[in-house]
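To start, the structure itself, in structure tokens.
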Amino acid sequence: MDVWTDFFAGCCGGIAGTFFGHPIDTIKVRQQTHLHGHLTTRRCVQLALKNEGATGLFKGLSSPICTAALVNATFFGVYGGTVKLMLQVSEKPANSMPDYKIVTAAGMVAGTVQLLVCCPVDLVKIKLQTGSGAGNGPLPKTNGSLNTSPIASKPFKGPIDCLMTMYKTHGIRAWYKGLVPMFWRDGPSYGLYMFLYELILREGKKYSTGGWGDGLLALIAGGITGTVTWVAVLPIDVVKSRIQADCIVNPKYRGMLDCVRVSYKAEGLPVFFRGFLAIAFRAMIVNAATFFVYQSTLTHLTTQR
């Protein structure tokens with residue numbers, strides 16, 4: 001099995017997971033970025049269906065569905081390559097079973113590298129999901145008068161328009177708004193993610209007596225792993241979502257810690273657990289679908305050789 005096999009299997013798994021989980025992700029993002037009291041999951045769905053129809057829950061899908069292949073191919077490709085490299089360094093056979101330390105470290109490395117692709121994709125998705133444009137009001141006063149800018153109030157027409165507008169505003173660094181909280185969310189959590197996945201998968205194979213295939217075990221392991229890790233990082237995900245949904249030209253938050261301070265002062269501790277049910281349900285569906293398709297594709301490709 002080579003790195004390109006991991007890349008291709010990751011592509012397939014990423015597309016499947018993104019498609020099935022996007023409506024729930026839209027609900028989660030809108031709950032987290034809602035600034036006027038608590039918005040329940042049921043109320044959020046009702047408002048979306050009433051004002052936008054069923055398609056409202058799929059807003060911003062084009063960006064992640066087109067790039068899900070790239071994001072997951074990057075993660076699984078880097079993960080597989082890192083595992084092989086660490087096995088070589090430890091002078092173990094390339095086809096040997098990596099221990100949990102290697103699996104965890106490789107997950108952290110892959111989770112960090114995929115941010116190069118994932119951060120701009122997540123930013124565009126959240127901008128389109130929340131309906132936030134490049135700005136949400138006039139710029140601060142300059143020489144006694146309000147500084148008006150066409151970019152400040154321009155609504156985004158789609159993913160490309162969103163990226164280009166942000167680039168015109170602050171250059172390439174605008175695409176990486178929210179990178180710091182994303183690093184703290186994805187770096188450590190992907191190490192835990194792959195550790196739990198491999199643990200459940202290996203233990204499941206030991207105790208399964210019904211002849212379960214790798215695909216079914218991957219479905220169960222992916223669902224459990226995704227739910228546990230996403231619930232664990234929910235507070236930092238709330239901060240990340242608020243920073244990325246914030247106005248570009250006249251931001252409310254000066255950074256991650258400032259967002260934590262302002263959010264806590266205004267709404268208390270419960271604000272960091274908004275979208276709990278949505279994120280837990282989404283994590284179970286997305287990761288079960290992702291790993292089921294990933295493992296099934298991987299098994300199919302390796303047995304064809």
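All residue names refer to the structure tokens as shown: chains lettered A, B, ... in order, residues numbered from 1 in each chain, ligands numbered from 1 in order.
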
Taking only stretch 33-277 of chain A into account, list the residues labelled alpha helix (DSSP H) by DSSP (computed from the backbone), as a ChimeraX atom specification.
/A:33,41-52,62-89,100-113,115-130,159-170,179-207,214-232,234-245,256-267,276-277

For stretch 107-116 of chain A, list every protein, DNA or RNA residue within 9 Å, evaluated using only C-alpha atoms, and leave out those in the same chain fewer than 5 positions away; present the list as a JSON list (two decimals) with all heavy atoms, in the first residue's frame.
```
[["chain", "number", "residue", "atom", "x", "y", "z"],
["A", 71, "VAL", "N", -8.87, 18.01, 1.09],
["A", 71, "VAL", "CA", -8.61, 18.09, 2.53],
["A", 71, "VAL", "C", -8.35, 16.70, 3.11],
["A", 71, "VAL", "O", -7.35, 16.48, 3.82],
["A", 71, "VAL", "CB", -9.80, 18.75, 3.27],
["A", 71, "VAL", "CG1", -9.64, 18.61, 4.78],
["A", 71, "VAL", "CG2", -9.92, 20.21, 2.88],
["A", 72, "ASN", "N", -9.23, 15.75, 2.81],
["A", 72, "ASN", "CA", -9.09, 14.41, 3.37],
["A", 72, "ASN", "C", -7.97, 13.62, 2.71],
["A", 72, "ASN", "O", -7.33, 12.79, 3.37],
["A", 72, "ASN", "CB", -10.42, 13.65, 3.26],
["A", 72, "ASN", "CG", -11.42, 14.10, 4.29],
["A", 72, "ASN", "OD1", -11.47, 13.59, 5.40],
["A", 72, "ASN", "ND2", -12.23, 15.09, 3.93],
["A", 73, "ALA", "N", -7.74, 13.89, 1.42],
["A", 73, "ALA", "CA", -6.61, 13.25, 0.76],
["A", 73, "ALA", "C", -5.31, 13.72, 1.39],
["A", 73, "ALA", "O", -4.37, 12.94, 1.61],
["A", 73, "ALA", "CB", -6.61, 13.57, -0.73],
["A", 74, "THR", "N", -5.25, 15.02, 1.72],
["A", 74, "THR", "CA", -4.06, 15.57, 2.39],
["A", 74, "THR", "C", -3.87, 14.92, 3.75],
["A", 74, "THR", "O", -2.77, 14.47, 4.09],
["A", 74, "THR", "CB", -4.20, 17.10, 2.56],
["A", 74, "THR", "OG1", -4.34, 17.71, 1.28],
["A", 74, "THR", "CG2", -2.98, 17.67, 3.26],
["A", 75, "PHE", "N", -4.95, 14.85, 4.54],
["A", 75, "PHE", "CA", -4.84, 14.27, 5.88],
["A", 75, "PHE", "C", -4.42, 12.81, 5.82],
["A", 75, "PHE", "O", -3.42, 12.42, 6.45],
["A", 75, "PHE", "CB", -6.16, 14.39, 6.64],
["A", 75, "PHE", "CG", -6.13, 13.67, 7.96],
["A", 75, "PHE", "CD1", -5.49, 14.23, 9.05],
["A", 75, "PHE", "CD2", -6.71, 12.42, 8.09],
["A", 75, "PHE", "CE1", -5.43, 13.56, 10.27],
["A", 75, "PHE", "CE2", -6.64, 11.74, 9.30],
["A", 75, "PHE", "CZ", -6.01, 12.30, 10.39],
["A", 76, "PHE", "N", -5.17, 12.00, 5.08],
["A", 76, "PHE", "CA", -4.87, 10.57, 5.07],
["A", 76, "PHE", "C", -3.55, 10.26, 4.36],
["A", 76, "PHE", "O", -2.85, 9.31, 4.71],
["A", 76, "PHE", "CB", -6.01, 9.79, 4.42],
["A", 76, "PHE", "CG", -7.22, 9.65, 5.32],
["A", 76, "PHE", "CD1", -8.39, 10.33, 5.05],
["A", 76, "PHE", "CD2", -7.17, 8.84, 6.44],
["A", 76, "PHE", "CE1", -9.51, 10.21, 5.87],
["A", 76, "PHE", "CE2", -8.27, 8.71, 7.27],
["A", 76, "PHE", "CZ", -9.44, 9.40, 6.98],
["A", 77, "GLY", "N", -3.21, 11.07, 3.34],
["A", 77, "GLY", "CA", -1.94, 10.89, 2.65],
["A", 77, "GLY", "C", -0.76, 11.19, 3.57],
["A", 77, "GLY", "O", 0.20, 10.42, 3.65],
["A", 78, "VAL", "N", -0.83, 12.32, 4.27],
["A", 78, "VAL", "CA", 0.23, 12.70, 5.21],
["A", 78, "VAL", "C", 0.27, 11.72, 6.38],
["A", 78, "VAL", "O", 1.35, 11.33, 6.84],
["A", 78, "VAL", "CB", 0.01, 14.14, 5.73],
["A", 78, "VAL", "CG1", 1.00, 14.48, 6.85],
["A", 78, "VAL", "CG2", 0.17, 15.14, 4.59],
["A", 79, "TYR", "N", -0.90, 11.29, 6.84],
["A", 79, "TYR", "CA", -0.96, 10.32, 7.94],
["A", 79, "TYR", "C", -0.27, 9.01, 7.55],
["A", 79, "TYR", "O", 0.59, 8.51, 8.28],
["A", 79, "TYR", "CB", -2.41, 10.06, 8.32],
["A", 79, "TYR", "CG", -2.58, 8.93, 9.32],
["A", 79, "TYR", "CD1", -2.27, 9.13, 10.67],
["A", 79, "TYR", "CD2", -3.02, 7.67, 8.92],
["A", 79, "TYR", "CE1", -2.40, 8.09, 11.59],
["A", 79, "TYR", "CE2", -3.15, 6.63, 9.83],
["A", 79, "TYR", "CZ", -2.84, 6.85, 11.15],
["A", 79, "TYR", "OH", -2.96, 5.82, 12.06],
["A", 80, "GLY", "N", -0.64, 8.48, 6.39],
["A", 80, "GLY", "CA", -0.05, 7.23, 5.94],
["A", 80, "GLY", "C", 1.45, 7.36, 5.72],
["A", 80, "GLY", "O", 2.23, 6.47, 6.09],
["A", 82, "THR", "N", 3.48, 9.55, 7.14],
["A", 82, "THR", "CA", 4.16, 9.75, 8.43],
["A", 82, "THR", "C", 4.31, 8.43, 9.19],
["A", 82, "THR", "O", 5.35, 8.17, 9.80],
["A", 82, "THR", "CB", 3.39, 10.77, 9.30],
["A", 82, "THR", "OG1", 3.23, 11.99, 8.57],
["A", 82, "THR", "CG2", 4.13, 11.04, 10.59],
["A", 83, "VAL", "N", 3.27, 7.61, 9.15],
["A", 83, "VAL", "CA", 3.34, 6.28, 9.79],
["A", 83, "VAL", "C", 4.48, 5.46, 9.19],
["A", 83, "VAL", "O", 5.29, 4.86, 9.92],
["A", 83, "VAL", "CB", 2.00, 5.53, 9.66],
["A", 83, "VAL", "CG1", 2.17, 4.06, 10.04],
["A", 83, "VAL", "CG2", 0.93, 6.17, 10.52],
["A", 102, "ILE", "N", 2.98, 5.89, 17.57],
["A", 102, "ILE", "CA", 3.18, 6.29, 16.17],
["A", 102, "ILE", "C", 1.88, 6.78, 15.57],
["A", 102, "ILE", "O", 1.84, 7.80, 14.87],
["A", 102, "ILE", "CB", 3.75, 5.12, 15.35],
["A", 102, "ILE", "CG1", 5.19, 4.82, 15.79],
["A", 102, "ILE", "CG2", 3.69, 5.41, 13.86],
["A", 102, "ILE", "CD1", 5.83, 3.65, 15.07],
["A", 176, "TYR", "N", -6.69, 32.86, 6.00],
["A", 176, "TYR", "CA", -6.29, 32.05, 7.15],
["A", 176, "TYR", "C", -6.75, 32.66, 8.47],
["A", 176, "TYR", "O", -6.15, 32.44, 9.52],
["A", 176, "TYR", "CB", -4.78, 31.83, 7.14],
["A", 176, "TYR", "CG", -4.38, 30.87, 6.04],
["A", 176, "TYR", "CD1", -4.02, 31.35, 4.78],
["A", 176, "TYR", "CD2", -4.41, 29.50, 6.23],
["A", 176, "TYR", "CE1", -3.70, 30.48, 3.75],
["A", 176, "TYR", "CE2", -4.09, 28.62, 5.21],
["A", 176, "TYR", "CZ", -3.74, 29.12, 3.98],
["A", 176, "TYR", "OH", -3.43, 28.25, 2.95],
["A", 179, "LEU", "N", -6.92, 30.66, 11.99],
["A", 179, "LEU", "CA", -5.94, 29.57, 11.92],
["A", 179, "LEU", "C", -5.46, 29.14, 13.30],
["A", 179, "LEU", "O", -5.26, 27.95, 13.54],
["A", 179, "LEU", "CB", -4.74, 30.00, 11.05],
["A", 179, "LEU", "CG", -3.62, 28.95, 10.88],
["A", 179, "LEU", "CD1", -4.16, 27.72, 10.16],
["A", 179, "LEU", "CD2", -2.44, 29.56, 10.13],
["A", 182, "MET", "N", -7.97, 27.02, 15.03],
["A", 182, "MET", "CA", -8.06, 25.77, 14.26],
["A", 182, "MET", "C", -6.89, 24.86, 14.58],
["A", 182, "MET", "O", -7.03, 23.63, 14.63],
["A", 182, "MET", "CB", -8.12, 26.05, 12.76],
["A", 182, "MET", "CG", -9.48, 26.47, 12.26],
["A", 182, "MET", "SD", -9.65, 26.36, 10.46],
["A", 182, "MET", "CE", -9.92, 24.59, 10.27],
["A", 183, "PHE", "N", -5.70, 25.46, 14.78],
["A", 183, "PHE", "CA", -4.54, 24.65, 15.13],
["A", 183, "PHE", "C", -4.75, 23.96, 16.48],
["A", 183, "PHE", "O", -4.48, 22.76, 16.63],
["A", 183, "PHE", "CB", -3.28, 25.52, 15.19],
["A", 183, "PHE", "CG", -2.10, 24.84, 15.84],
["A", 183, "PHE", "CD1", -1.39, 23.88, 15.14],
["A", 183, "PHE", "CD2", -1.74, 25.13, 17.15],
["A", 183, "PHE", "CE1", -0.31, 23.23, 15.74],
["A", 183, "PHE", "CE2", -0.67, 24.48, 17.75],
["A", 183, "PHE", "CZ", 0.05, 23.53, 17.04],
["A", 186, "ASP", "N", -7.48, 21.20, 15.86],
["A", 186, "ASP", "CA", -7.19, 20.06, 15.01],
["A", 186, "ASP", "C", -5.88, 19.35, 15.31],
["A", 186, "ASP", "O", -5.79, 18.13, 15.15],
["A", 186, "ASP", "CB", -7.17, 20.50, 13.54],
["A", 186, "ASP", "CG", -8.56, 20.84, 13.02],
["A", 186, "ASP", "OD1", -9.52, 20.76, 13.82],
["A", 186, "ASP", "OD2", -8.69, 21.20, 11.84],
["A", 187, "GLY", "N", -4.84, 20.09, 15.73],
["A", 187, "GLY", "CA", -3.55, 19.45, 15.99],
["A", 187, "GLY", "C", -3.65, 18.34, 17.02],
["A", 187, "GLY", "O", -3.46, 17.16, 16.70],
["A", 188, "PRO", "N", -3.97, 18.67, 18.28],
["A", 188, "PRO", "CA", -4.07, 17.63, 19.31],
["A", 188, "PRO", "C", -5.22, 16.65, 19.08],
["A", 188, "PRO", "O", -5.08, 15.45, 19.33],
["A", 188, "PRO", "CB", -4.32, 18.43, 20.60],
["A", 188, "PRO", "CG", -3.84, 19.81, 20.29],
["A", 188, "PRO", "CD", -4.12, 20.02, 18.84],
["A", 189, "SER", "N", -6.35, 17.16, 18.59],
["A", 189, "SER", "CA", -7.54, 16.30, 18.49],
["A", 189, "SER", "C", -7.38, 15.20, 17.44],
["A", 189, "SER", "O", -7.92, 14.10, 17.59],
["A", 189, "SER", "CB", -8.79, 17.13, 18.17],
["A", 189, "SER", "OG", -8.76, 17.63, 16.86],
["A", 190, "TYR", "N", -6.65, 15.47, 16.37],
["A", 190, "TYR", "CA", -6.44, 14.43, 15.36],
["A", 190, "TYR", "C", -5.52, 13.33, 15.86],
["A", 190, "TYR", "O", -5.57, 12.19, 15.38],
["A", 190, "TYR", "CB", -5.92, 15.04, 14.06],
["A", 190, "TYR", "CG", -7.03, 15.46, 13.13],
["A", 190, "TYR", "CD1", -7.29, 16.81, 12.89],
["A", 190, "TYR", "CD2", -7.82, 14.52, 12.50],
["A", 190, "TYR", "CE1", -8.32, 17.20, 12.05],
["A", 190, "TYR", "CE2", -8.84, 14.89, 11.65],
["A", 190, "TYR", "CZ", -9.09, 16.24, 11.43],
["A", 190, "TYR", "OH", -10.12, 16.62, 10.59],
["A", 191, "GLY", "N", -4.64, 13.66, 16.81],
["A", 191, "GLY", "CA", -3.84, 12.61, 17.45],
["A", 191, "GLY", "C", -4.74, 11.69, 18.25],
["A", 191, "GLY", "O", -4.65, 10.45, 18.14],
["A", 192, "LEU", "N", -5.64, 12.29, 19.05],
["A", 192, "LEU", "CA", -6.62, 11.51, 19.81],
["A", 192, "LEU", "C", -7.55, 10.76, 18.87],
["A", 192, "LEU", "O", -7.90, 9.59, 19.11],
["A", 192, "LEU", "CB", -7.44, 12.46, 20.70],
["A", 192, "LEU", "CG", -8.61, 11.85, 21.48],
["A", 192, "LEU", "CD1", -8.13, 10.82, 22.48],
["A", 192, "LEU", "CD2", -9.41, 12.95, 22.18],
["A", 193, "TYR", "N", -7.91, 11.41, 17.79],
["A", 193, "TYR", "CA", -8.82, 10.87, 16.78],
["A", 193, "TYR", "C", -8.30, 9.53, 16.23],
["A", 193, "TYR", "O", -9.01, 8.52, 16.25],
["A", 193, "TYR", "CB", -8.91, 11.91, 15.67],
["A", 193, "TYR", "CG", -9.90, 11.68, 14.57],
["A", 193, "TYR", "CD1", -11.26, 11.84, 14.78],
["A", 193, "TYR", "CD2", -9.47, 11.35, 13.28],
["A", 193, "TYR", "CE1", -12.17, 11.69, 13.74],
["A", 193, "TYR", "CE2", -10.38, 11.19, 12.24],
["A", 193, "TYR", "CZ", -11.72, 11.36, 12.47],
["A", 193, "TYR", "OH", -12.62, 11.21, 11.46],
["A", 194, "MET", "N", -7.04, 9.52, 15.76],
["A", 194, "MET", "CA", -6.49, 8.31, 15.16],
["A", 194, "MET", "C", -6.17, 7.25, 16.22],
["A", 194, "MET", "O", -6.28, 6.05, 15.94],
["A", 194, "MET", "CB", -5.23, 8.65, 14.35],
["A", 194, "MET", "CG", -5.50, 9.55, 13.14],
["A", 194, "MET", "SD", -6.87, 8.97, 12.08],
["A", 194, "MET", "CE", -6.29, 7.36, 11.57],
["A", 195, "PHE", "N", -5.79, 7.69, 17.41],
["A", 195, "PHE", "CA", -5.54, 6.74, 18.51],
["A", 195, "PHE", "C", -6.81, 5.96, 18.83],
["A", 195, "PHE", "O", -6.81, 4.73, 18.91],
["A", 195, "PHE", "CB", -5.04, 7.48, 19.74],
["A", 195, "PHE", "CG", -5.04, 6.64, 20.99],
["A", 195, "PHE", "CD1", -4.06, 5.68, 21.20],
["A", 195, "PHE", "CD2", -6.03, 6.80, 21.95],
["A", 195, "PHE", "CE1", -4.06, 4.90, 22.34],
["A", 195, "PHE", "CE2", -6.05, 6.02, 23.10],
["A", 195, "PHE", "CZ", -5.06, 5.06, 23.30]]
```

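Minimum atom-to-atom distance to A:Glu203, evaluated using only C-alpha atoms, belongs to A:Leu217 out of A:Val117, A:Leu234, A:Ile285, A:Leu217.
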
Selection near stretch 16-32 of chain A, 8 Å with only C-alpha atoms, sequence-local residues under 5 positions removed, as a PyMOL selection string:
chain A and resi 38-41+44-45+57-59+61+64-65+68+126+129-130+238+241-242+271+274-276+278-279+281-283+285-290+293

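Minimum distance to A:Pro98 across A:Tyr264, A:Leu128, A:Val249, A:Glu198 (counting only C-alpha atoms) occurs at A:Glu198.
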
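Closest approach to A:Met166 from the set A:Thr104, A:Thr229, A:Gln244, A:Thr302 is made by A:Gln244, with distances taken over only C-alpha atoms.
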
Assign secondary structure with DSSP using the backbone only, and return the residues of stretch 3-238 of chain A in strand (DSSP E or B) as number ranges by chain.
A: 139-142, 145-147
